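Engineer: Let me begin by handing over the structure; questions about it come next.
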Amino acid sequence: MKKIVCIFLFSLLTGILHAQRLAVKTNVLLDGVMAPNFGVEMLTGSRSTVSVSLMNGNNVAYKHLSVLAFQPEWRHWLSGQPLHRGFIGLVGLAARYKGTPGKTTSYDGYGAGLGFELGYDFGLSSRMKLELAAGSGAFIYNQKQGYKVPAEDVSAPVSGYTLIPLQAAVSLIYILK
């Protein structure tokens with residue numbers, strides 16, 4: 001898995017050097033729940049872009065939850081011009097998480113997901129954009145799930161999949177070139 005991520009990042013960085021259009025972004029919804037994030041989006045065709053975002057947060061949403069996530073996206077722009085108006089796309093998610101969201105339950109695991117997204121970019125200026133995006137898909141996970149019962153702590157490995165929202169974003173985007 002580490003080799004695949006390294007190869008993808010290397011190819012992305014190589015592509016960035018030759019990209020005609022490059023933008024940086026942050027999802028303010030994630031910033032609001034104490035999960036700092038940073039993303040890069042680059043032009044890959046006359047109507048498509050590729051985006052990669054990283055997120056790392058401790059005490060996310062003021063709870064005892066830590067998350068490290070990597071989110072690649074491919075977007076097809078409906079207006080015919082990248083980074084302008086509406087888009088549809090594929091969104092992926094790879095995450096490592098650990099936390100105790102309740103008094104009796106704990107989770108420690110990792111997972112990966114793939115799904116679809118819809119979004120719209122609003123032009124604030126020639127270089128600034130406000131983007132709204134939402135998407136959902138399947139998330140496959142493998143985690144150690146713990147329960148606290150009055151006499152002892154019980155934990156068991158759990159694997160499976162679920163349908164979840166993979167993308168919920170209100171992002172600020174700055175176009176570099």
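Note on naming: chains are A, B, ... as they come in the structure tokens, residues start from 1 per chain, ligands start from 1 in the order shown.
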Fewer than 5 positions away in the same chain doesn't count, so skip those; otherwise give me all residues within 10 Å of A:Arg127, counting only C-alpha atoms, as JSON, numbers by chain.
Structural biologist: {"A": [23, 173, 174, 175, 176, 177]}
Engineer: With 12 Å as the cut-off and only C-alpha atoms counted, what is the closest atom pair between each nearby residue of stretch 62-124 of chain A and stretch 42-57 of chain A? Distances in Å to one decimal, ordered by chain and number, as JSON lines.
Structural biologist:
{"residue": "A:Tyr62", "atom": "CA", "partner": "A:Gly57", "partner_atom": "CA", "distance": 10.4}
{"residue": "A:Lys63", "atom": "CA", "partner": "A:Gly57", "partner_atom": "CA", "distance": 10.8}
{"residue": "A:His64", "atom": "CA", "partner": "A:Gly57", "partner_atom": "CA", "distance": 10.5}
{"residue": "A:Leu65", "atom": "CA", "partner": "A:Gly57", "partner_atom": "CA", "distance": 8.0}
{"residue": "A:Ser66", "atom": "CA", "partner": "A:Gly57", "partner_atom": "CA", "distance": 5.5}
{"residue": "A:Val67", "atom": "CA", "partner": "A:Gly57", "partner_atom": "CA", "distance": 5.3}
{"residue": "A:Leu68", "atom": "CA", "partner": "A:Asn56", "partner_atom": "CA", "distance": 4.4}
{"residue": "A:Ala69", "atom": "CA", "partner": "A:Met55", "partner_atom": "CA", "distance": 5.1}
{"residue": "A:Phe70", "atom": "CA", "partner": "A:Leu54", "partner_atom": "CA", "distance": 4.8}
{"residue": "A:Gln71", "atom": "CA", "partner": "A:Ser53", "partner_atom": "CA", "distance": 5.1}
{"residue": "A:Pro72", "atom": "CA", "partner": "A:Val52", "partner_atom": "CA", "distance": 4.4}
{"residue": "A:Glu73", "atom": "CA", "partner": "A:Ser51", "partner_atom": "CA", "distance": 5.0}
{"residue": "A:Trp74", "atom": "CA", "partner": "A:Val50", "partner_atom": "CA", "distance": 4.7}
{"residue": "A:Arg75", "atom": "CA", "partner": "A:Thr49", "partner_atom": "CA", "distance": 5.3}
{"residue": "A:His76", "atom": "CA", "partner": "A:Ser48", "partner_atom": "CA", "distance": 4.6}
{"residue": "A:Trp77", "atom": "CA", "partner": "A:Arg47", "partner_atom": "CA", "distance": 5.3}
{"residue": "A:Leu78", "atom": "CA", "partner": "A:Arg47", "partner_atom": "CA", "distance": 7.6}
{"residue": "A:Ser79", "atom": "CA", "partner": "A:Arg47", "partner_atom": "CA", "distance": 8.1}
{"residue": "A:Gly80", "atom": "CA", "partner": "A:Arg47", "partner_atom": "CA", "distance": 5.3}
{"residue": "A:Gln81", "atom": "CA", "partner": "A:Arg47", "partner_atom": "CA", "distance": 5.7}
{"residue": "A:Pro82", "atom": "CA", "partner": "A:Arg47", "partner_atom": "CA", "distance": 5.4}
{"residue": "A:Leu83", "atom": "CA", "partner": "A:Thr49", "partner_atom": "CA", "distance": 8.0}
{"residue": "A:His84", "atom": "CA", "partner": "A:Arg47", "partner_atom": "CA", "distance": 9.8}
{"residue": "A:Arg85", "atom": "CA", "partner": "A:Arg47", "partner_atom": "CA", "distance": 11.6}
{"residue": "A:Gly86", "atom": "CA", "partner": "A:Arg47", "partner_atom": "CA", "distance": 11.2}
{"residue": "A:Phe87", "atom": "CA", "partner": "A:Ser48", "partner_atom": "CA", "distance": 9.0}
{"residue": "A:Ile88", "atom": "CA", "partner": "A:Ser48", "partner_atom": "CA", "distance": 9.8}
{"residue": "A:Gly89", "atom": "CA", "partner": "A:Ser48", "partner_atom": "CA", "distance": 9.2}
{"residue": "A:Leu90", "atom": "CA", "partner": "A:Val50", "partner_atom": "CA", "distance": 9.8}
{"residue": "A:Val91", "atom": "CA", "partner": "A:Ser51", "partner_atom": "CA", "distance": 9.2}
{"residue": "A:Gly92", "atom": "CA", "partner": "A:Val52", "partner_atom": "CA", "distance": 9.5}
{"residue": "A:Leu93", "atom": "CA", "partner": "A:Ser53", "partner_atom": "CA", "distance": 9.6}
{"residue": "A:Ala94", "atom": "CA", "partner": "A:Leu54", "partner_atom": "CA", "distance": 9.8}
{"residue": "A:Ala95", "atom": "CA", "partner": "A:Met55", "partner_atom": "CA", "distance": 9.1}
{"residue": "A:Arg96", "atom": "CA", "partner": "A:Asn56", "partner_atom": "CA", "distance": 9.6}
{"residue": "A:Tyr97", "atom": "CA", "partner": "A:Gly57", "partner_atom": "CA", "distance": 9.6}
{"residue": "A:Lys98", "atom": "CA", "partner": "A:Gly57", "partner_atom": "CA", "distance": 10.7}
{"residue": "A:Gly99", "atom": "CA", "partner": "A:Gly57", "partner_atom": "CA", "distance": 11.4}
Engineer: If you run DSSP on the backbone here, which positions in stretch 5-153 of chain A get strand (DSSP E)? Please write them as a PyMOL selection string.
Structural biologist: chain A and resi 22-27+37-43+48-58+64-77+85-100+105-123+128-148+153
Engineer: Just to confirm, what's the straight-line distance from atom CA of A:Asp108 to atom CA of A:Gln143 in Å (one decimal)?
Structural biologist: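 Calculated distance between atom CA of A:Asp108 and atom CA of A:Gln143 is 5.4 Å.
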Engineer: Within 9 Å of A:Leu30, counting only C-alpha atoms, which residues qualify if same-chain residues fewer than 5 places away don't, as an MDAnalysis selection string?
Structural biologist: chainID A and resid 35:37 55 60:61 168:170
Engineer: Tell me which of A:Met34, A:Ala156, A:Ala112, A:Leu166 sits closest to A:Ala133, counting only C-alpha atoms.
Structural biologist: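 Using only C-alpha atoms, A:Ala133 sits closest to A:Leu166.
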Engineer: Of the candidates A:Asn58, A:Ser159, A:Ser136, A:Asn27, which one gets nearest to A:Tyr110 if we count only C-alpha atoms?
Structural biologist: A:Ser159
Engineer: Separation of atom CA of A:Gly135 and atom CA of A:Gly111, in Å?
Structural biologist: 17.0 Å
Engineer: Mind giving me the straight-line distance from atom CA of A:Ala138 to atom CA of A:Lys103 in Å, one decimal?
Structural biologist: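 It comes out at 27.4 Å.
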